[in-house]
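Trainee: Following this message is one structure expressed as structure tokens.
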Amino acid sequence: MDVLVIGSGAREHALVRALLDDPGVDRVVAAPGNAGTALVAPCEPVDAADPVAVAALARRLGADLVVVGPEAPLVAGVADAVRAAGIACFGPSAEAARLEGSKAFAKEVMAAAAVPTAMAHVCTTEAEVADALDAFGAPHVVKDDGLAAGKGVVVTGDRDEALAHARTCLEHGPVVVEEFLDGPEVSVFCLTDGESVVALAPAQDFKRALDGDAGPNTGGMGAYSPLPWAPADLADEVVQRVAQPVVAEMAKRGTPFSGVLYCGLALTSRGLRVVEFNARFGDPETQVVLARLASPLSQVLLACSRPGALLDSPPLRWHEDAAVTVVLAAPGYPEAPETGGLLRGLEDADAVEGAHVLHAGTAPATDGTGIVSSGGRVLSVVGTGPDLARAREAAYAAVRSVQLPGGHFRTDIAAAAAGA
Ligand code: AMP
Ligand code: GLY
């Protein structure tokens, strides 16, 4: 099978890596990819959010399956265009991707499907926002309704800060004010063909920029799997109470959702609650989940592209190993990342036993000598080992082998879970 992977982050590098490991895959092409995917697979330039361009590329390459990594292409209709070209695609239609593209839509679907989530008010004026903030009380949760690359949410005890964020969001659309959810957050990726659902191993993401969950929200600074502290039946519960009802509701509306429903959940004192849905794999959680997956990836992704096919797929197999990933970020990330810094020590990091380096914001240096940073999150360094403590050791030994001027990473990824 020939597979085209759309996107340019470490999530896509992880997908490319897992597909290259799959004996059922003949060729993997990344588009546009990054300097890391270019080391292992051909990369094709493409505007990932242009449905016509992606479909044309898939046809030119003779791809049997297109796997769409990021949300923007899905919301733009890339999966629709690829399917219209007669090529199998892993990823939901633009209409179904609204589960991620609009928080208000996701809330409406969850209400219809009786899925537990935070109570919320969708507001269109500042006065409505003020009322909702007072009704729920502090801490305040204010969310931009549309896609904001993980930066549209403010959680704060400060009512003025909450109002100020709402005001910015209201300039371009509705804003969602929510009740605050306590308890740890988990990410469960639920694969679906639009009918049945299979959950991948749960993972936990670290969204804040700094150690101890301080600093601003980011796209994600690290992740680990498994979650030794979580209930053993967590994935089953998420399938039964969240993913299956949502998938059934979307099918009932005539807009079936296929691909991966990323369920971001809070395990609160009152039970699990959905924090958010995404219509794609999470980044950096994918990097650890795929490091643990023992089954060939292509068959299950292909099954998700055909209604009814997932039911006949063999059960997924998992390695016993734990996995930890640490994100190396550019100076100034997330507010104003500085790019163009030279990366050194990449080979040393890859040579650390149990570790591998996945690239995110990287590009070849213009003078052809080495690799430079080209985005806020630069690398996602993954460590695996028989337990989380040893997976952490491998990940940190590897990330410490890399030098990026001004680069920073969290030092406490998976520390509590590993008993460190
Ligand atoms: P979202 O983009 O909806 O995932 O929100 C980003 C982050 O904000 C989440 O991962 C949580 O850490 C936090 N967050 C979002 N909604 C809530 C909520 N209702 N209560 C507490 N924290 C939240
Ligand atoms: N890790 C958070 C996300 O992918 O949205």
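In the structure tokens, chains take the letters A, B, ... in the order shown, each chain's residues start at 1, and ligands count up from 1 in the order shown.
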Please give me, as a PyMOL selection string, the residues lying within 10 Å of ligand 1 when counting only C-alpha atoms and all ligand atoms.

Mentor: chain A and resi 100+103+117-120+139-156+176-187+205-208+213+217-220+263-266+268+273-278

Trainee: Can you list, as a PDB file with N, CA and C atoms, in the first residue's frame, every residue of stretch 58-295 of chain A that DSSP puts in strand (DSSP E)?

Mentor:
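Dumped everything to result.pdb:
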ATOM      1  N   LEU A  65      -3.961   5.410   0.155  1.00  0.00           N
ATOM      2  CA  LEU A  65      -4.556   5.946   1.382  1.00  0.00           C
ATOM      3  C   LEU A  65      -3.905   7.291   1.683  1.00  0.00           C
ATOM      4  N   VAL A  66      -4.744   8.273   2.014  1.00  0.00           N
ATOM      5  CA  VAL A  66      -4.240   9.572   2.469  1.00  0.00           C
ATOM      6  C   VAL A  66      -4.582   9.703   3.952  1.00  0.00           C
ATOM      7  N   VAL A  67      -3.593  10.033   4.764  1.00  0.00           N
ATOM      8  CA  VAL A  67      -3.800  10.214   6.197  1.00  0.00           C
ATOM      9  C   VAL A  67      -3.606  11.696   6.498  1.00  0.00           C
ATOM     10  N   VAL A  68      -4.655  12.341   6.987  1.00  0.00           N
ATOM     11  CA  VAL A  68      -4.580  13.783   7.234  1.00  0.00           C
ATOM     12  C   VAL A  68      -4.262  14.014   8.710  1.00  0.00           C
ATOM     13  N   ALA A  88      -8.989   6.444  -0.818  1.00  0.00           N
ATOM     14  CA  ALA A  88      -9.352   6.272   0.595  1.00  0.00           C
ATOM     15  C   ALA A  88      -8.661   7.337   1.431  1.00  0.00           C
ATOM     16  N   CYS A  89      -9.376   7.866   2.422  1.00  0.00           N
ATOM     17  CA  CYS A  89      -8.813   8.932   3.242  1.00  0.00           C
ATOM     18  C   CYS A  89      -9.111   8.675   4.712  1.00  0.00           C
ATOM     19  N   PHE A  90      -8.088   8.810   5.542  1.00  0.00           N
ATOM     20  CA  PHE A  90      -8.275   8.741   6.991  1.00  0.00           C
ATOM     21  C   PHE A  90      -8.468  10.165   7.482  1.00  0.00           C
ATOM     22  N   ALA A 120     -22.122  24.863  29.736  1.00  0.00           N
ATOM     23  CA  ALA A 120     -21.557  25.975  28.967  1.00  0.00           C
ATOM     24  C   ALA A 120     -22.635  26.919  28.485  1.00  0.00           C
ATOM     25  N   HIS A 121     -22.267  28.189  28.322  1.00  0.00           N
ATOM     26  CA  HIS A 121     -23.127  29.167  27.655  1.00  0.00           C
ATOM     27  C   HIS A 121     -22.388  29.681  26.433  1.00  0.00           C
ATOM     28  N   VAL A 122     -23.077  29.667  25.297  1.00  0.00           N
ATOM     29  CA  VAL A 122     -22.513  30.275  24.093  1.00  0.00           C
ATOM     30  C   VAL A 122     -22.985  31.730  24.076  1.00  0.00           C
ATOM     31  N   CYS A 123     -22.025  32.670  24.085  1.00  0.00           N
ATOM     32  CA  CYS A 123     -22.372  34.090  24.234  1.00  0.00           C
ATOM     33  C   CYS A 123     -21.975  34.873  22.979  1.00  0.00           C
ATOM     34  N   HIS A 140     -12.648  30.913  36.086  1.00  0.00           N
ATOM     35  CA  HIS A 140     -13.402  31.155  34.860  1.00  0.00           C
ATOM     36  C   HIS A 140     -12.759  30.451  33.667  1.00  0.00           C
ATOM     37  N   VAL A 141     -13.616  29.929  32.794  1.00  0.00           N
ATOM     38  CA  VAL A 141     -13.135  29.262  31.575  1.00  0.00           C
ATOM     39  C   VAL A 141     -13.804  29.945  30.386  1.00  0.00           C
ATOM     40  N   VAL A 142     -12.991  30.565  29.518  1.00  0.00           N
ATOM     41  CA  VAL A 142     -13.517  31.299  28.363  1.00  0.00           C
ATOM     42  C   VAL A 142     -12.834  30.785  27.099  1.00  0.00           C
ATOM     43  N   LYS A 143     -13.660  30.381  26.124  1.00  0.00           N
ATOM     44  CA  LYS A 143     -13.107  29.752  24.919  1.00  0.00           C
ATOM     45  C   LYS A 143     -13.585  30.438  23.646  1.00  0.00           C
ATOM     46  N   ASP A 144     -12.632  30.656  22.776  1.00  0.00           N
ATOM     47  CA  ASP A 144     -12.944  31.095  21.411  1.00  0.00           C
ATOM     48  C   ASP A 144     -13.741  29.960  20.756  1.00  0.00           C
ATOM     49  N   VAL A 153      -8.137  29.368  24.590  1.00  0.00           N
ATOM     50  CA  VAL A 153      -8.787  29.106  25.870  1.00  0.00           C
ATOM     51  C   VAL A 153      -8.057  29.830  26.986  1.00  0.00           C
ATOM     52  N   VAL A 154      -8.818  30.531  27.812  1.00  0.00           N
ATOM     53  CA  VAL A 154      -8.221  31.137  28.997  1.00  0.00           C
ATOM     54  C   VAL A 154      -8.918  30.570  30.233  1.00  0.00           C
ATOM     55  N   VAL A 155      -8.132  30.055  31.156  1.00  0.00           N
ATOM     56  CA  VAL A 155      -8.645  29.575  32.434  1.00  0.00           C
ATOM     57  C   VAL A 155      -8.011  30.465  33.491  1.00  0.00           C
ATOM     58  N   THR A 156      -8.827  31.188  34.240  1.00  0.00           N
ATOM     59  CA  THR A 156      -8.255  32.191  35.143  1.00  0.00           C
ATOM     60  C   THR A 156      -9.185  32.467  36.322  1.00  0.00           C
ATOM     61  N   VAL A 175     -18.403  33.287  21.717  1.00  0.00           N
ATOM     62  CA  VAL A 175     -17.464  32.837  22.733  1.00  0.00           C
ATOM     63  C   VAL A 175     -18.216  31.901  23.682  1.00  0.00           C
ATOM     64  N   VAL A 176     -17.493  30.873  24.156  1.00  0.00           N
ATOM     65  CA  VAL A 176     -18.111  29.879  25.027  1.00  0.00           C
ATOM     66  C   VAL A 176     -17.581  30.078  26.449  1.00  0.00           C
ATOM     67  N   VAL A 177     -18.486  30.244  27.395  1.00  0.00           N
ATOM     68  CA  VAL A 177     -18.103  30.347  28.807  1.00  0.00           C
ATOM     69  C   VAL A 177     -18.559  29.059  29.492  1.00  0.00           C
ATOM     70  N   GLU A 178     -17.628  28.439  30.229  1.00  0.00           N
ATOM     71  CA  GLU A 178     -17.898  27.107  30.772  1.00  0.00           C
ATOM     72  C   GLU A 178     -17.720  27.045  32.268  1.00  0.00           C
ATOM     73  N   GLU A 185      -6.464  15.572  33.485  1.00  0.00           N
ATOM     74  CA  GLU A 185      -6.930  15.458  32.095  1.00  0.00           C
ATOM     75  C   GLU A 185      -6.270  14.271  31.411  1.00  0.00           C
ATOM     76  N   VAL A 186      -7.032  13.615  30.553  1.00  0.00           N
ATOM     77  CA  VAL A 186      -6.485  12.519  29.748  1.00  0.00           C
ATOM     78  C   VAL A 186      -6.944  12.686  28.303  1.00  0.00           C
ATOM     79  N   SER A 187      -6.181  12.079  27.410  1.00  0.00           N
ATOM     80  CA  SER A 187      -6.542  12.090  25.990  1.00  0.00           C
ATOM     81  C   SER A 187      -6.771  10.651  25.555  1.00  0.00           C
ATOM     82  N   VAL A 188      -7.930  10.388  24.986  1.00  0.00           N
ATOM     83  CA  VAL A 188      -8.209   9.048  24.463  1.00  0.00           C
ATOM     84  C   VAL A 188      -8.584   9.189  22.991  1.00  0.00           C
ATOM     85  N   PHE A 189      -7.782   8.560  22.130  1.00  0.00           N
ATOM     86  CA  PHE A 189      -8.039   8.625  20.679  1.00  0.00           C
ATOM     87  C   PHE A 189      -8.956   7.473  20.306  1.00  0.00           C
ATOM     88  N   CYS A 190     -10.117   7.812  19.775  1.00  0.00           N
ATOM     89  CA  CYS A 190     -11.086   6.788  19.395  1.00  0.00           C
ATOM     90  C   CYS A 190     -11.147   6.712  17.873  1.00  0.00           C
ATOM     91  N   LEU A 191     -10.664   5.586  17.335  1.00  0.00           N
ATOM     92  CA  LEU A 191     -10.708   5.384  15.888  1.00  0.00           C
ATOM     93  C   LEU A 191     -12.108   4.956  15.502  1.00  0.00           C
ATOM     94  N   THR A 192     -12.596   5.467  14.377  1.00  0.00           N
ATOM     95  CA  THR A 192     -13.946   5.098  13.968  1.00  0.00           C
ATOM     96  C   THR A 192     -14.085   5.134  12.446  1.00  0.00           C
ATOM     97  N   VAL A 197     -16.318   1.831  16.938  1.00  0.00           N
ATOM     98  CA  VAL A 197     -15.264   2.639  17.564  1.00  0.00           C
ATOM     99  C   VAL A 197     -14.248   1.725  18.248  1.00  0.00           C
ATOM    100  N   VAL A 198     -12.974   2.022  18.077  1.00  0.00           N
ATOM    101  CA  VAL A 198     -11.899   1.315  18.783  1.00  0.00           C
ATOM    102  C   VAL A 198     -11.011   2.370  19.430  1.00  0.00           C
ATOM    103  N   ALA A 199     -10.787   2.243  20.753  1.00  0.00           N
ATOM    104  CA  ALA A 199      -9.959   3.244  21.441  1.00  0.00           C
ATOM    105  C   ALA A 199      -8.497   2.827  21.420  1.00  0.00           C
ATOM    106  N   GLN A 204      -1.490  11.136  28.477  1.00  0.00           N
ATOM    107  CA  GLN A 204      -1.677  12.442  29.123  1.00  0.00           C
ATOM    108  C   GLN A 204      -0.705  13.440  28.522  1.00  0.00           C
ATOM    109  N   ASP A 205      -1.246  14.634  28.312  1.00  0.00           N
ATOM    110  CA  ASP A 205      -0.529  15.723  27.649  1.00  0.00           C
ATOM    111  C   ASP A 205      -0.221  16.785  28.709  1.00  0.00           C
ATOM    112  N   ARG A 208       0.698  23.252  29.625  1.00  0.00           N
ATOM    113  CA  ARG A 208       1.319  24.526  30.023  1.00  0.00           C
ATOM    114  C   ARG A 208       2.791  24.549  29.652  1.00  0.00           C
ATOM    115  N   ALA A 209       3.311  25.756  29.462  1.00  0.00           N
ATOM    116  CA  ALA A 209       4.672  25.913  28.944  1.00  0.00           C
ATOM    117  C   ALA A 209       5.755  25.513  29.946  1.00  0.00           C
ATOM    118  N   LEU A 210       5.485  25.702  31.243  1.00  0.00           N
ATOM    119  CA  LEU A 210       6.569  25.587  32.229  1.00  0.00           C
ATOM    120  C   LEU A 210       6.313  24.481  33.247  1.00  0.00           C
ATOM    121  N   ALA A 214       2.910  25.689  35.172  1.00  0.00           N
ATOM    122  CA  ALA A 214       2.900  27.161  35.183  1.00  0.00           C
ATOM    123  C   ALA A 214       3.034  27.654  33.739  1.00  0.00           C
ATOM    124  N   GLY A 215       2.801  28.963  33.576  1.00  0.00           N
ATOM    125  CA  GLY A 215       2.966  29.567  32.252  1.00  0.00           C
ATOM    126  C   GLY A 215       1.744  29.395  31.379  1.00  0.00           C
ATOM    127  N   PRO A 216       1.834  29.924  30.169  1.00  0.00           N
ATOM    128  CA  PRO A 216       0.668  29.919  29.274  1.00  0.00           C
ATOM    129  C   PRO A 216       0.368  28.549  28.683  1.00  0.00           C
ATOM    130  N   ASN A 217      -0.867  28.378  28.175  1.00  0.00           N
ATOM    131  CA  ASN A 217      -1.213  27.168  27.434  1.00  0.00           C
ATOM    132  C   ASN A 217      -0.420  27.112  26.134  1.00  0.00           C
ATOM    133  N   GLY A 222       4.624  17.879  26.161  1.00  0.00           N
ATOM    134  CA  GLY A 222       5.099  16.526  26.425  1.00  0.00           C
ATOM    135  C   GLY A 222       3.923  15.626  26.688  1.00  0.00           C
ATOM    136  N   ALA A 223       4.182  14.320  26.727  1.00  0.00           N
ATOM    137  CA  ALA A 223       3.086  13.367  26.950  1.00  0.00           C
ATOM    138  C   ALA A 223       3.676  12.033  27.382  1.00  0.00           C
ATOM    139  N   TYR A 224       2.813  11.202  27.951  1.00  0.00           N
ATOM    140  CA  TYR A 224       3.237   9.839  28.285  1.00  0.00           C
ATOM    141  C   TYR A 224       2.050   8.888  28.218  1.00  0.00           C
ATOM    142  N   SER A 225       2.387   7.623  28.103  1.00  0.00           N
ATOM    143  CA  SER A 225       1.409   6.542  28.092  1.00  0.00           C
ATOM    144  C   SER A 225       2.167   5.281  28.493  1.00  0.00           C
ATOM    145  N   GLY A 259     -12.443   8.532  11.074  1.00  0.00           N
ATOM    146  CA  GLY A 259     -11.075   8.979  11.360  1.00  0.00           C
ATOM    147  C   GLY A 259     -10.799   8.776  12.832  1.00  0.00           C
ATOM    148  N   VAL A 260     -10.273   9.809  13.482  1.00  0.00           N
ATOM    149  CA  VAL A 260     -10.036   9.692  14.925  1.00  0.00           C
ATOM    150  C   VAL A 260     -10.767  10.815  15.649  1.00  0.00           C
ATOM    151  N   LEU A 261     -11.575  10.402  16.610  1.00  0.00           N
ATOM    152  CA  LEU A 261     -12.220  11.372  17.497  1.00  0.00           C
ATOM    153  C   LEU A 261     -11.342  11.459  18.739  1.00  0.00           C
ATOM    154  N   TYR A 262     -10.666  12.592  18.853  1.00  0.00           N
ATOM    155  CA  TYR A 262      -9.779  12.817  19.997  1.00  0.00           C
ATOM    156  C   TYR A 262     -10.671  13.282  21.136  1.00  0.00           C
ATOM    157  N   CYS A 263     -10.765  12.456  22.173  1.00  0.00           N
ATOM    158  CA  CYS A 263     -11.582  12.827  23.327  1.00  0.00           C
ATOM    159  C   CYS A 263     -10.649  13.360  24.407  1.00  0.00           C
ATOM    160  N   GLY A 264     -10.701  14.667  24.641  1.00  0.00           N
ATOM    161  CA  GLY A 264      -9.961  15.294  25.731  1.00  0.00           C
ATOM    162  C   GLY A 264     -10.892  15.330  26.929  1.00  0.00           C
ATOM    163  N   LEU A 265     -10.491  14.676  28.025  1.00  0.00           N
ATOM    164  CA  LEU A 265     -11.415  14.459  29.144  1.00  0.00           C
ATOM    165  C   LEU A 265     -10.815  14.931  30.444  1.00  0.00           C
ATOM    166  N   ALA A 266     -11.679  15.357  31.349  1.00  0.00           N
ATOM    167  CA  ALA A 266     -11.244  15.601  32.725  1.00  0.00           C
ATOM    168  C   ALA A 266     -11.868  14.501  33.580  1.00  0.00           C
ATOM    169  N   LEU A 267     -11.035  13.871  34.422  1.00  0.00           N
ATOM    170  CA  LEU A 267     -11.565  12.859  35.344  1.00  0.00           C
ATOM    171  C   LEU A 267     -11.887  13.608  36.638  1.00  0.00           C
ATOM    172  N   THR A 268     -13.105  14.114  36.727  1.00  0.00           N
ATOM    173  CA  THR A 268     -13.461  14.993  37.845  1.00  0.00           C
ATOM    174  C   THR A 268     -13.968  14.174  39.018  1.00  0.00           C
ATOM    175  N   GLY A 271     -16.981  12.267  38.111  1.00  0.00           N
ATOM    176  CA  GLY A 271     -16.924  11.350  36.972  1.00  0.00           C
ATOM    177  C   GLY A 271     -16.304  12.009  35.758  1.00  0.00           C
ATOM    178  N   LEU A 272     -16.211  11.276  34.656  1.00  0.00           N
ATOM    179  CA  LEU A 272     -15.509  11.849  33.502  1.00  0.00           C
ATOM    180  C   LEU A 272     -16.376  12.854  32.772  1.00  0.00           C
ATOM    181  N   ARG A 273     -15.714  13.890  32.266  1.00  0.00           N
ATOM    182  CA  ARG A 273     -16.373  14.951  31.506  1.00  0.00           C
ATOM    183  C   ARG A 273     -15.511  15.259  30.276  1.00  0.00           C
ATOM    184  N   VAL A 274     -16.163  15.495  29.155  1.00  0.00           N
ATOM    185  CA  VAL A 274     -15.421  15.897  27.955  1.00  0.00           C
ATOM    186  C   VAL A 274     -15.002  17.355  28.091  1.00  0.00           C
ATOM    187  N   VAL A 275     -13.711  17.630  27.902  1.00  0.00           N
ATOM    188  CA  VAL A 275     -13.209  19.004  27.854  1.00  0.00           C
ATOM    189  C   VAL A 275     -13.273  19.517  26.415  1.00  0.00           C
ATOM    190  N   GLU A 276     -12.861  18.665  25.496  1.00  0.00           N
ATOM    191  CA  GLU A 276     -12.865  19.074  24.084  1.00  0.00           C
ATOM    192  C   GLU A 276     -12.835  17.848  23.196  1.00  0.00           C
ATOM    193  N   PHE A 277     -13.304  18.042  21.978  1.00  0.00           N
ATOM    194  CA  PHE A 277     -13.081  17.058  20.919  1.00  0.00           C
ATOM    195  C   PHE A 277     -12.126  17.655  19.913  1.00  0.00           C
ATOM    196  N   ASN A 278     -11.289  16.774  19.333  1.00  0.00           N
ATOM    197  CA  ASN A 278     -10.566  17.154  18.136  1.00  0.00           C
ATOM    198  C   ASN A 278     -10.882  16.110  17.083  1.00  0.00           C
TER     199      ASN A 278
END

Trainee: Which residues, written as a PyMOL selection string, have at least one atom at most 12 Å from stretch 339-342 of chain A, with only C-alpha atoms counted and residues fewer than 3 positions away on the same chain left out?

Mentor: chain A and resi 329-333+336+345-346+361-378+402-407

Trainee: For ligand 2, which residue out of A:Gly24, A:Gly282, A:Gly36, A:Pro334 is the nearest one, using only C-alpha atoms and all ligand atoms?

Mentor: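 For ligand 2, the nearest of the given residues is A:Gly282.
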
Trainee: I'd like to know which of A:Val109, A:Ala30, A:Cys304, A:Leu316 is closest to A:Leu57, using only C-alpha atoms.

Mentor: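 Counting only C-alpha atoms, the residue closest to A:Leu57 is A:Ala30.
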
Trainee: Name the residues of stretch 249-379 of chain A that fall into helix (DSSP H, G or I) according to DSSP on the backbone, using the chain letters and numbers of this document, as a count of residues only.

Mentor: 29

Trainee: Quick one: of A:Pro245, A:Ser305, A:Ala397, A:His319, who's nearest to A:Ala349, counting only C-alpha atoms?

Mentor: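 Smallest distance to A:Ala349 is found for A:Ala397.
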
Trainee: Could you check the closest approach to A:Val40 for each of A:Asp21, A:Glu126, A:Asp236, A:Asp211 and tell me which residue wins, using only C-alpha atoms?

Mentor: A:Asp21

Trainee: Could you check which of A:Lys252, A:Arg11, A:His408, A:Arg60 is closest to A:Gly194, using only C-alpha atoms?

Mentor: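 When distances to A:Gly194 are compared using only C-alpha atoms, the smallest one comes from A:Lys252.
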
Trainee: Which residue out of A:Pro51, A:Gly101, A:Gly62, A:Pro116 has the minimum interatomic distance to A:Gly77 when only C-alpha atoms are used?

Mentor: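 Selected residue with least distance to A:Gly77: A:Pro51.
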
Trainee: Just the residues within 12 Å of stretch 386-393 of chain A, please, counting only C-alpha atoms, with nothing from its chain fewer than 6 positions along; format it as number ranges by chain.

Mentor: A: 222-229, 288, 291-292, 319-326, 352-356, 399-400, 410-420
